[in-house]
Every structure is written in C-alpha cells, then in structure tokens.
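Q: Contents of model07.txt (compact mmCIF, C-alpha atoms) are given next:
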```txt
# COMPACT_ATOMS: atom_id res chain seq x y z
CA MET S 19 57.61 36.70 -20.64
CA GLU S 20 60.47 38.96 -19.62
CA LYS S 21 59.34 42.34 -18.25
CA VAL S 22 60.58 45.49 -19.96
CA VAL S 23 61.47 48.14 -17.41
CA LYS S 24 62.78 51.58 -18.33
CA SER S 25 63.06 54.90 -16.55
CA ALA S 26 60.81 57.80 -17.46
CA ALA S 27 63.78 59.44 -19.20
CA GLN S 28 64.42 56.31 -21.29
CA TRP S 29 60.73 56.12 -22.33
CA ARG S 30 60.78 59.82 -23.25
CA GLU S 31 63.74 59.19 -25.57
CA LEU S 32 61.87 56.38 -27.35
CA LEU S 33 58.38 57.87 -27.60
CA SER S 34 56.85 61.01 -29.06
CA PRO S 35 55.25 63.39 -26.52
CA GLU S 36 51.77 62.06 -27.40
CA GLU S 37 52.90 58.42 -27.19
CA TYR S 38 54.52 59.10 -23.82
CA HIS S 39 51.42 60.85 -22.49
CA VAL S 40 49.09 58.00 -23.48
CA CYS S 41 51.34 55.00 -22.84
CA ARG S 42 53.20 56.09 -19.72
CA GLU S 43 50.85 58.70 -18.15
CA LYS S 44 47.53 56.93 -18.90
CA GLY S 45 46.28 59.58 -21.30
CA THR S 46 43.94 59.09 -24.23
CA GLU S 47 43.80 60.24 -27.81
CA ARG S 48 40.73 62.05 -29.07
CA ALA S 49 37.99 59.82 -30.44
CA PHE S 50 37.86 59.30 -34.23
CA THR S 51 41.39 60.68 -34.75
CA GLY S 52 43.70 57.69 -34.27
CA LYS S 53 45.78 56.17 -37.04
CA TYR S 54 44.23 52.71 -36.68
CA TYR S 55 40.61 53.70 -36.00
CA LYS S 56 39.53 52.85 -39.58
CA GLU S 57 42.46 50.57 -40.49
CA SER S 58 41.35 47.41 -42.28
CA ALA S 59 44.68 45.81 -43.23
CA ASP S 60 45.47 42.33 -41.98
CA GLY S 61 48.24 41.88 -39.44
CA VAL S 62 49.19 41.85 -35.79
CA TYR S 63 48.79 44.90 -33.57
CA ARG S 64 51.79 45.24 -31.27
CA CYS S 65 52.58 47.36 -28.23
CA ARG S 66 54.17 50.63 -29.33
CA CYS S 67 56.51 50.56 -26.35
CA CYS S 68 57.89 47.00 -26.37
CA GLY S 69 56.65 45.25 -29.52
CA GLU S 70 54.59 42.57 -27.73
CA ALA S 71 51.84 41.03 -29.92
CA LEU S 72 48.53 42.24 -28.46
CA PHE S 73 45.72 41.81 -30.99
CA SER S 74 45.08 40.19 -34.36
CA SER S 75 43.34 42.16 -37.08
CA ALA S 76 40.95 39.19 -37.30
CA THR S 77 39.41 40.30 -33.98
CA LYS S 78 39.18 44.02 -34.84
CA TYR S 79 35.74 45.50 -35.46
CA ASP S 80 34.06 48.90 -35.77
CA SER S 81 32.44 49.55 -32.40
CA GLY S 82 31.47 53.11 -33.30
CA SER S 83 33.36 54.32 -30.22
CA GLY S 84 36.04 56.27 -32.10
CA TRP S 85 38.93 54.01 -31.12
CA PRO S 86 40.23 50.75 -32.57
CA SER S 87 38.24 47.97 -30.93
CA PHE S 88 38.94 44.28 -30.59
CA TYR S 89 36.87 41.49 -29.07
CA GLN S 90 39.80 39.31 -28.02
CA PRO S 91 43.54 39.65 -27.36
CA ALA S 92 46.11 37.70 -29.38
CA ASP S 93 47.04 35.92 -26.15
CA GLU S 94 45.36 36.31 -22.76
CA GLY S 95 48.78 36.63 -21.12
CA ALA S 96 49.71 39.63 -23.25
CA LEU S 97 47.40 41.98 -21.36
CA GLY S 98 46.99 43.09 -17.79
CA ILE S 99 43.75 44.51 -16.40
CA ASN S 100 43.67 47.14 -13.65
CA ARG S 101 40.74 48.80 -11.89
CA ASP S 102 40.54 52.46 -12.99
CA THR S 103 38.52 54.86 -10.83
CA SER S 104 39.70 58.07 -12.50
CA HIS S 105 37.34 60.68 -13.95
CA GLY S 106 34.50 59.69 -11.61
CA MET S 107 34.02 56.31 -13.33
CA ILE S 108 34.85 52.69 -12.57
CA ARG S 109 36.48 51.05 -15.57
CA GLU S 110 38.89 48.26 -16.39
CA GLU S 111 42.19 49.63 -17.71
CA VAL S 112 44.07 47.50 -20.26
CA VAL S 113 47.88 47.49 -20.07
CA CYS S 114 50.63 45.61 -21.86
CA ALA S 115 51.67 42.76 -19.55
CA ARG S 116 55.27 43.03 -20.73
CA CYS S 117 55.97 46.75 -20.21
CA ASP S 118 52.89 48.11 -18.38
CA ALA S 119 52.05 50.58 -21.16
CA HIS S 120 48.54 51.99 -20.90
CA LEU S 121 46.56 50.78 -23.91
CA GLY S 122 42.94 51.72 -23.20
CA HIS S 123 39.98 50.07 -21.49
CA VAL S 124 37.88 46.92 -21.80
CA PHE S 125 34.09 46.92 -21.61
CA SER S 126 31.51 44.14 -21.52
CA ASP S 127 29.41 45.43 -24.43
CA GLY S 128 31.32 43.78 -27.28
CA PRO S 129 30.27 41.22 -29.87
CA ALA S 130 30.25 37.41 -29.72
CA PRO S 131 32.07 35.24 -29.06
CA THR S 132 33.57 37.07 -26.04
CA GLY S 133 31.14 39.92 -25.40
CA LEU S 134 34.16 42.16 -24.76
CA ARG S 135 35.22 45.44 -26.34
CA TYR S 136 38.89 46.25 -25.94
CA CYS S 137 38.86 49.97 -26.74
CA ILE S 138 42.51 50.78 -27.50
CA ASN S 139 44.38 53.99 -28.32
CA SER S 140 45.98 53.90 -31.78
CA VAL S 141 49.03 55.69 -30.42
CA SER S 142 49.65 52.70 -28.12
CA LEU S 143 49.90 50.34 -31.09
CA THR S 144 51.92 49.53 -34.19
CA LEU S 145 50.52 47.33 -36.97
CA ASP S 146 52.79 44.58 -38.26
CA LYS S 147 51.30 43.83 -41.68
CA SER S 148 53.97 41.22 -42.40
CA GLU S 149 52.25 38.87 -39.96
CA ALA S 150 48.95 38.86 -41.83
```
Would you write out, as structure tokens, the structure that this file holds?
A:
Amino acid sequence: MEKVVKSAAQWRELLSPEEYHVCREKGTERAFTGKYYKESADGVYRCRCCGEALFSSATKYDSGSGWPSFYQPADEGALGINRDTSHGMIREEVVCARCDAHLGHVFSDGPAPTGLRYCINSVSLTLDKSEA
C-alpha cells in the first residue's frame, strides 16, 4: 500500500473544516448526528481522505453509541491502531493505514465473532454503494 502524504494546507483544500478537524486534528463529531450513524445501505465504507476501503456494510451494526460501528475492518492492513491517552482516558485510536486520517476508536465490547467495536466518525467516511 502506497502512503498518501499531504501538507496541512493540501488537506485543508480537500476537506471541509469539520472533516479537517476530525480527520487531521483527531477531533470527533457529536454522537447521534453523523451521516452514517443510521445508514443501512449496502456498500463499502472508504476513508474520506484517501479513498481506502475500510469497512463493509456487512459488518456494520447499531451499537447504541451514537457513531457508526463495525465489528471488523474490510482488511486488517487498512487500519492502524495507536494508543490514545487524551481526555484522561486510555483508548485505542483507529487511523487509516494509508493516509493516517483519524477515524475513531476501537473497543473490546463488540459482538461476535470478533468482540470488537470500531466506533467511527461518519465525517471520516464515504459510502461507496456501487460496491454492494
């Protein structure tokens, strides 16, 4: 996988202010407000910044958390996991392995078969319905 590297100015040209804040500055959207929170269409969820395939709609479920949740990535190599100690918590940050965009966090309270809950910001994603 070829890394996508851009300057802050280049990312700002490509992303809305909210997208930039979440994807490049590790922000978060408010719970229950994201475009894909209740989305039920089939397809592939891609990174908003670089287009990398991240999750299949087949692994999306309603976790009740307020963000789109998935129990498994489309490909293990598509994601990177970083230790996040911000906000007085210890969490596992999920990033796009291709462009390092902040996507959300992963928790170990998800459903079978993985037991994982990838809690992802809608603004970090695009849904490609053509790949359903």
Q: What separation in Å, quoted to one decimal, exists between atom CA of Tyr136 of chain S and atom CA of Ser25 of chain S?
A: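 Distance between the two atoms: 27.3 Å.
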Q: Using all atoms listed in the file, pick whichever of S:Gly82, S:Gly52, S:Gly106, S:Gly45 has the shortest atom-to-atom distance to Asp127 of chain S.
A: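 For Asp127 of chain S, the nearest of the candidates is S:Gly82.
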Q: Tell me which protein, DNA and RNA residues are within 9 Å of Glu47 of chain S, counting only C-alpha atoms, leaving out same-chain ones fewer than 3 positions away, and put them as a ChimeraX atom specification.
A: /S:36,40,50-52,85,139-141
Q: For those residues, write C-alpha atoms to a file as a PDB file, in the frame of the given file.
A:
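File produced: out-v9.pdb:
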```pdb
ATOM      1  CA  GLU S  36      51.770  62.060 -27.400  1.00  0.00           C
ATOM      2  CA  VAL S  40      49.090  58.000 -23.480  1.00  0.00           C
ATOM      3  CA  PHE S  50      37.860  59.300 -34.230  1.00  0.00           C
ATOM      4  CA  THR S  51      41.390  60.680 -34.750  1.00  0.00           C
ATOM      5  CA  GLY S  52      43.700  57.690 -34.270  1.00  0.00           C
ATOM      6  CA  TRP S  85      38.930  54.010 -31.120  1.00  0.00           C
ATOM      7  CA  ASN S 139      44.380  53.990 -28.320  1.00  0.00           C
ATOM      8  CA  SER S 140      45.980  53.900 -31.780  1.00  0.00           C
ATOM      9  CA  VAL S 141      49.030  55.690 -30.420  1.00  0.00           C
TER      10      VAL S 141
END
```
Q: So what do you get for atom CA of Pro86 of chain S versus atom CA of Ala130 of chain S, distance-wise?
A: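 Atom CA of Ala130 of chain S lies 16.9 Å from atom CA of Pro86 of chain S.
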Q: Leaving out Arg135 of chain S and any residue of its chain fewer than 2 positions from it, which residues lie within 9 Å of it when counting only C-alpha atoms, given as a list in words?
A: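 These residues fall inside the cut-off: Ser81, Ser87, Phe88, Tyr89, Gln90, His123, Val124, Phe125, Ser126, Asp127, Gly128, Pro129, Thr132, Gly133 and Cys137 of chain S.
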Q: Which protein, DNA or RNA residues are at most 6 Å from (39.4, 43.1, -41.2) in the file's coordinates when you count only C-alpha atoms, listed as an mmCIF file with C-alpha atoms, keeping the file's coordinate frame?
A:
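selection_39.cif, freshly written:
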```cif
data_model
loop_
_atom_site.group_PDB
_atom_site.id
_atom_site.type_symbol
_atom_site.label_atom_id
_atom_site.label_comp_id
_atom_site.auth_asym_id
_atom_site.auth_seq_id
_atom_site.Cartn_x
_atom_site.Cartn_y
_atom_site.Cartn_z
ATOM 1 C CA SER S 58 41.350 47.410 -42.280
ATOM 2 C CA SER S 75 43.340 42.160 -37.080
ATOM 3 C CA ALA S 76 40.950 39.190 -37.300
#
```
Q: Between atom CA of Thr144 of chain S and atom CA of Ser104 of chain S, measure the distance and give it in Å to one decimal.
A: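 Rounded to one decimal, the two atoms are 26.3 Å apart.
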Q: Within 10 Å of Gly95 of chain S, counting only C-alpha atoms, which residues qualify if same-chain residues fewer than 5 places away don't, as a list in words?
A: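 Counting only C-alpha atoms, the residues come to Met19, Leu72, Cys114, Ala115 and Arg116 of chain S.
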Q: For the selection just defined, write its residues with C-alpha atoms to a file, as a PDB file, in the frame of the given file.
A:
```pdb
ATOM      1  CA  MET S  19      57.610  36.700 -20.640  1.00  0.00           C
ATOM      2  CA  LEU S  72      48.530  42.240 -28.460  1.00  0.00           C
ATOM      3  CA  CYS S 114      50.630  45.610 -21.860  1.00  0.00           C
ATOM      4  CA  ALA S 115      51.670  42.760 -19.550  1.00  0.00           C
ATOM      5  CA  ARG S 116      55.270  43.030 -20.730  1.00  0.00           C
TER       6      ARG S 116
END
```
Q: Write out as a ChimeraX atom specification each polymer residue whose atoms come within 9 Å of Phe73 of chain S, counting all atoms listed in the file; drop sequence neighbours fewer than 5 positions from it.
A: /S:61-64,78,88,90-93,96
Q: Neighbours of Ser142 of chain S within 7 Å (all atoms listed in the file; same-chain residues fewer than 3 positions away dropped), as a PDB file with C-alpha atoms, in the coordinates of the input?
A:
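Okay, this is what ended up in selection07.pdb:
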```
ATOM      1  CA  GLU S  37      52.900  58.420 -27.190  1.00  0.00           C
ATOM      2  CA  CYS S  41      51.340  55.000 -22.840  1.00  0.00           C
ATOM      3  CA  CYS S  65      52.580  47.360 -28.230  1.00  0.00           C
ATOM      4  CA  ARG S  66      54.170  50.630 -29.330  1.00  0.00           C
ATOM      5  CA  LEU S 121      46.560  50.780 -23.910  1.00  0.00           C
ATOM      6  CA  ASN S 139      44.380  53.990 -28.320  1.00  0.00           C
TER       7      ASN S 139
END
```
